[in-house]
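What's in model-v1.cif: mmCIF, C-alpha atoms
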data_entry
loop_
_atom_site.group_PDB
_atom_site.id
_atom_site.type_symbol
_atom_site.label_atom_id
_atom_site.label_comp_id
_atom_site.auth_asym_id
_atom_site.auth_seq_id
_atom_site.Cartn_x
_atom_site.Cartn_y
_atom_site.Cartn_z
ATOM 1 C CA TYR A 1319 0.000 0.000 0.000
ATOM 2 C CA ASN A 1320 2.879 2.394 0.731
ATOM 3 C CA ASP A 1321 4.204 2.146 -2.834
ATOM 4 C CA ILE A 1322 0.882 2.985 -4.437
ATOM 5 C CA ILE A 1323 0.228 5.870 -2.045
ATOM 6 C CA LYS A 1324 3.701 7.326 -2.714
ATOM 7 C CA ALA A 1325 3.198 6.997 -6.475
ATOM 8 C CA MET A 1326 -0.223 8.657 -6.273
ATOM 9 C CA LEU A 1327 1.110 11.521 -4.146
ATOM 10 C CA ILE A 1328 4.121 12.196 -6.350
ATOM 11 C CA GLY A 1329 2.516 11.587 -9.743
ATOM 12 C CA GLY A 1330 -0.725 13.305 -8.878
ATOM 13 C CA ASN A 1331 0.963 16.452 -7.611
ATOM 14 C CA ILE A 1332 3.534 17.059 -10.357
ATOM 15 C CA PRO A 1333 1.034 18.867 -12.643
ATOM 16 C CA TRP A 1334 -0.196 20.974 -9.723
ATOM 17 C CA VAL A 1335 3.335 21.964 -8.746
ATOM 18 C CA ILE A 1336 3.801 23.222 -12.313
ATOM 19 C CA VAL A 1337 0.523 25.170 -12.049
ATOM 20 C CA GLY A 1338 1.579 26.636 -8.713
ATOM 21 C CA ILE A 1339 4.997 27.715 -9.944
ATOM 22 C CA GLY A 1340 3.457 29.279 -13.046
ATOM 23 C CA CYS A 1341 0.902 31.218 -11.023
ATOM 24 C CA LEU A 1342 3.276 32.292 -8.230
ATOM 25 C CA THR A 1343 5.982 33.510 -10.601
ATOM 26 C CA GLY A 1344 3.494 35.501 -12.674
ATOM 27 C CA MET A 1345 4.315 33.552 -15.814
ATOM 28 C CA THR A 1346 0.632 32.693 -16.255
ATOM 29 C CA ASN A 1347 -2.489 34.782 -15.925
ATOM 30 C CA GLY A 1348 -3.923 32.523 -13.240
ATOM 31 C CA LEU A 1349 -5.410 29.062 -13.209
ATOM 32 C CA PHE A 1350 -7.644 29.642 -16.237
ATOM 33 C CA ALA A 1351 -4.583 30.129 -18.472
ATOM 34 C CA PHE A 1352 -4.084 26.364 -18.344
ATOM 35 C CA PHE A 1353 -7.291 25.953 -20.387
ATOM 36 C CA GLN A 1354 -5.582 27.745 -23.296
ATOM 37 C CA PRO A 1355 -2.557 25.693 -24.369
ATOM 38 C CA ARG A 1356 -2.795 27.220 -27.866
ATOM 39 C CA LEU A 1357 -1.125 30.356 -26.507
ATOM 40 C CA LEU A 1358 2.044 28.248 -26.049
ATOM 41 C CA ASN A 1359 2.893 29.486 -22.576
ATOM 42 C CA PRO A 1360 5.832 27.347 -21.342
ATOM 43 C CA PHE A 1361 4.205 26.549 -17.983
ATOM 44 C CA VAL A 1362 0.921 25.609 -19.637
ATOM 45 C CA LEU A 1363 2.767 23.374 -22.088
ATOM 46 C CA ALA A 1364 4.750 21.784 -19.244
ATOM 47 C CA PHE A 1365 1.471 21.111 -17.415
ATOM 48 C CA HIS A 1366 -0.058 19.395 -20.444
ATOM 49 C CA VAL A 1367 3.118 17.433 -21.179
ATOM 50 C CA SER A 1368 3.223 16.223 -17.558
ATOM 51 C CA ILE A 1369 -0.366 14.976 -17.869
ATOM 52 C CA ILE A 1370 0.466 13.118 -21.085
ATOM 53 C CA VAL A 1371 3.584 11.564 -19.528
ATOM 54 C CA ILE A 1372 1.520 10.392 -16.542
ATOM 55 C CA TRP A 1373 -1.031 8.848 -18.917
ATOM 56 C CA ILE A 1374 1.719 7.025 -20.834
ATOM 57 C CA LEU A 1375 3.263 5.730 -17.603
ATOM 58 C CA LEU A 1376 -0.153 4.551 -16.382
ATOM 59 C CA VAL A 1377 -0.866 2.681 -19.634
ATOM 60 C CA ARG A 1378 2.549 1.035 -19.428
ATOM 61 C CA TRP A 1379 2.079 0.106 -15.775
ATOM 62 C CA ILE A 1380 -1.508 -1.176 -16.043
ATOM 63 C CA TYR A 1381 -1.116 -3.219 -19.226
ATOM 64 C CA PHE A 1382 2.563 -4.210 -19.400
ATOM 65 C CA LYS A 1383 3.841 -4.161 -15.805
ATOM 66 C CA ASN A 1384 0.900 -5.994 -14.122
ATOM 67 C CA GLY A 1385 -0.408 -2.839 -12.498
ATOM 68 C CA ALA A 1386 -4.031 -3.952 -12.807
ATOM 69 C CA GLU A 1387 -3.203 -7.186 -11.021
ATOM 70 C CA PHE A 1388 -1.324 -5.209 -8.352
ATOM 71 C CA LEU A 1389 -4.422 -3.078 -7.734
ATOM 72 C CA GLU A 1390 -6.592 -6.205 -7.574
ATOM 73 C CA ARG A 1391 -4.284 -7.717 -4.929
ATOM 74 C CA HIS A 1392 -4.621 -4.571 -2.796
ATOM 75 C CA PRO A 1393 -8.321 -4.254 -2.020
ATOM 76 C CA GLY A 1394 -9.721 -0.877 -1.057
ATOM 77 C CA ILE A 1395 -7.527 1.261 -3.304
ATOM 78 C CA ILE A 1396 -10.102 1.311 -6.103
ATOM 79 C CA GLN A 1397 -13.716 0.408 -5.507
ATOM 80 C CA SER A 1398 -16.834 0.533 -7.650
ATOM 81 C CA LYS A 1399 -20.477 0.996 -6.870
ATOM 82 C CA GLY A 1400 -22.851 -1.250 -8.768
ATOM 83 C CA PHE A 1401 -26.349 -0.493 -9.978
ATOM 84 C CA ASN A 1402 -27.717 -2.133 -6.839
ATOM 85 C CA GLY A 1403 -25.747 0.318 -4.664
ATOM 86 C CA LYS A 1404 -23.336 -2.337 -3.417
ATOM 87 C CA ILE A 1405 -19.689 -1.242 -3.163
ATOM 88 C CA SER A 1406 -17.104 -3.808 -4.213
ATOM 89 C CA ASP A 1407 -13.416 -3.990 -5.058
ATOM 90 C CA VAL A 1408 -12.533 -3.979 -8.727
ATOM 91 C CA SER A 1409 -10.872 -6.798 -10.596
ATOM 92 C CA ALA A 1410 -7.898 -6.519 -12.938
ATOM 93 C CA LYS A 1411 -10.229 -7.205 -15.843
ATOM 94 C CA GLN A 1412 -12.485 -4.301 -14.839
ATOM 95 C CA ILE A 1413 -9.483 -1.976 -14.531
ATOM 96 C CA LYS A 1414 -8.228 -2.942 -17.973
ATOM 97 C CA LEU A 1415 -11.714 -2.484 -19.411
ATOM 98 C CA PHE A 1416 -12.624 0.883 -17.871
ATOM 99 C CA PHE A 1417 -9.227 2.601 -17.842
ATOM 100 C CA PRO A 1418 -9.332 3.289 -21.618
ATOM 101 C CA LEU A 1419 -12.756 4.886 -21.195
ATOM 102 C CA MET A 1420 -11.478 7.201 -18.472
ATOM 103 C CA LEU A 1421 -8.358 7.951 -20.497
ATOM 104 C CA ALA A 1422 -10.492 8.742 -23.547
ATOM 105 C CA GLY A 1423 -12.420 11.302 -21.490
ATOM 106 C CA GLY A 1424 -9.166 13.015 -20.519
ATOM 107 C CA VAL A 1425 -7.846 12.930 -24.078
ATOM 108 C CA ILE A 1426 -11.097 14.428 -25.407
ATOM 109 C CA ALA A 1427 -10.908 17.201 -22.800
ATOM 110 C CA MET A 1428 -7.302 17.963 -23.713
ATOM 111 C CA VAL A 1429 -8.055 17.978 -27.446
ATOM 112 C CA MET A 1430 -10.965 20.350 -26.814
ATOM 113 C CA MET A 1431 -8.604 22.730 -24.990
ATOM 114 C CA TRP A 1432 -6.296 22.739 -28.024
ATOM 115 C CA VAL A 1433 -8.961 23.184 -30.721
ATOM 116 C CA GLN A 1434 -11.675 25.258 -29.027
ATOM 117 C CA VAL A 1435 -11.431 28.869 -27.982
ATOM 118 C CA ILE A 1436 -12.474 28.701 -24.356
ATOM 119 C CA PRO A 1437 -13.569 32.056 -22.919
ATOM 120 C CA VAL A 1438 -11.452 32.718 -19.851
ATOM 121 C CA PRO A 1439 -12.348 35.334 -17.249
ATOM 122 C CA HIS A 1440 -9.678 37.906 -16.466
ATOM 123 C CA PHE A 1441 -9.546 39.040 -12.866
ATOM 124 C CA LYS A 1442 -7.806 42.173 -11.649
#
How would this structure read if it were set down as structure tokens?
Amino acid sequence: YNDIIKAMLIGGNIPWVIVGIGCLTGMTNGLFAFFQPRLLNPFVLAFHVSIIVIWILLVRWIYFKNGAEFLERHPGIIQSKGFNGKISDVSAKQIKLFFPLMLAGGVIAMVMMWVQVIPVPHFK
């Protein structure tokens, strides 16, 4: 359990450290600037690249390094709620089936940020 918690803490916070540094140094116009990667701000690009790298590492770990089986052997880390309201631990097969769907949602969101002009509020 310690390994997975450490990996989640480190991997999950890297993009937010980039956001924080960008905002605190004044290199970005706030948090909403990260919805506009088309402006090619270096911190915004680093944020998006870090997300993509995390996705690649997760795909590698889940499918090629037995990560799904690792999660199955450690109950309680990922749970699902069925239609009957019962909460249960997920199997490796469920992880391998639903991970691409979750990843697709993230990829669609990132593509939308690159192709759409998202109106961003500017605060003073």
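Here, the PyMOL selection byres ((chain A and resi 1387-1391) around 9) matches Ile1322, Ile1380, Asn1384, Gly1385, Ala1386, His1392, Pro1393, Gly1394, Ile1395, Ile1396, Asp1407, Val1408, Ser1409, Ala1410, Lys1411 and Ile1413 of chain A.
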Point to revise | Spatial neighbours of Ala1325 (chain A), 12 Å, only C-alpha atoms, chain gap at least 6 places, as number ranges by chain | key: A: 1319, 1331-1332, 1372, 1375-1376, 1379
Dump as a PDB file, in the coordinates of the input, selection limited to C-alpha atoms:
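Listing of result16.pdb after writing:
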ATOM      1  CA  TYR A1319       0.000   0.000   0.000  1.00  0.00           C
ATOM      2  CA  ASN A1331       0.963  16.452  -7.611  1.00  0.00           C
ATOM      3  CA  ILE A1332       3.534  17.059 -10.357  1.00  0.00           C
ATOM      4  CA  ILE A1372       1.520  10.392 -16.542  1.00  0.00           C
ATOM      5  CA  LEU A1375       3.263   5.730 -17.603  1.00  0.00           C
ATOM      6  CA  LEU A1376      -0.153   4.551 -16.382  1.00  0.00           C
ATOM      7  CA  TRP A1379       2.079   0.106 -15.775  1.00  0.00           C
TER       8      TRP A1379
END
Using all atoms listed in the file, what does the table of region 1410-1442 of chain A residues within 10 Å of region 1351-1370 of chain A look like, with each row giving the shortest atom pair and its distance in Å to one decimal, sorted by chain and ascending number, as a Markdown table?
| residue | atom | partner | partner_atom | distance |
| --- | --- | --- | --- | --- |
| A:Gly1424 | CA | A:Ile1369 | CA | 9.4 |
| A:Val1425 | CA | A:Ile1370 | CA | 8.8 |
| A:Ala1427 | CA | A:Phe1353 | CA | 9.8 |
| A:Met1428 | CA | A:His1366 | CA | 8.1 |
| A:Val1429 | CA | A:Pro1355 | CA | 10.0 |
| A:Met1430 | CA | A:Phe1353 | CA | 9.3 |
| A:Met1431 | CA | A:Phe1353 | CA | 5.8 |
| A:Trp1432 | CA | A:Arg1356 | CA | 5.7 |
| A:Val1433 | CA | A:Arg1356 | CA | 7.9 |
| A:Gln1434 | CA | A:Gln1354 | CA | 8.7 |
| A:Val1435 | CA | A:Gln1354 | CA | 7.6 |
| A:Ile1436 | CA | A:Gln1354 | CA | 7.0 |
| A:Pro1437 | CA | A:Gln1354 | CA | 9.1 |
| A:Val1438 | CA | A:Ala1351 | CA | 7.5 |
| A:Pro1439 | CA | A:Ala1351 | CA | 9.4 |
| A:His1440 | CA | A:Ala1351 | CA | 9.5 |
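Reported to one decimal place, the separation of CA of Tyr1381 (chain A) from CA of Leu1415 (chain A) is 10.6 Å.
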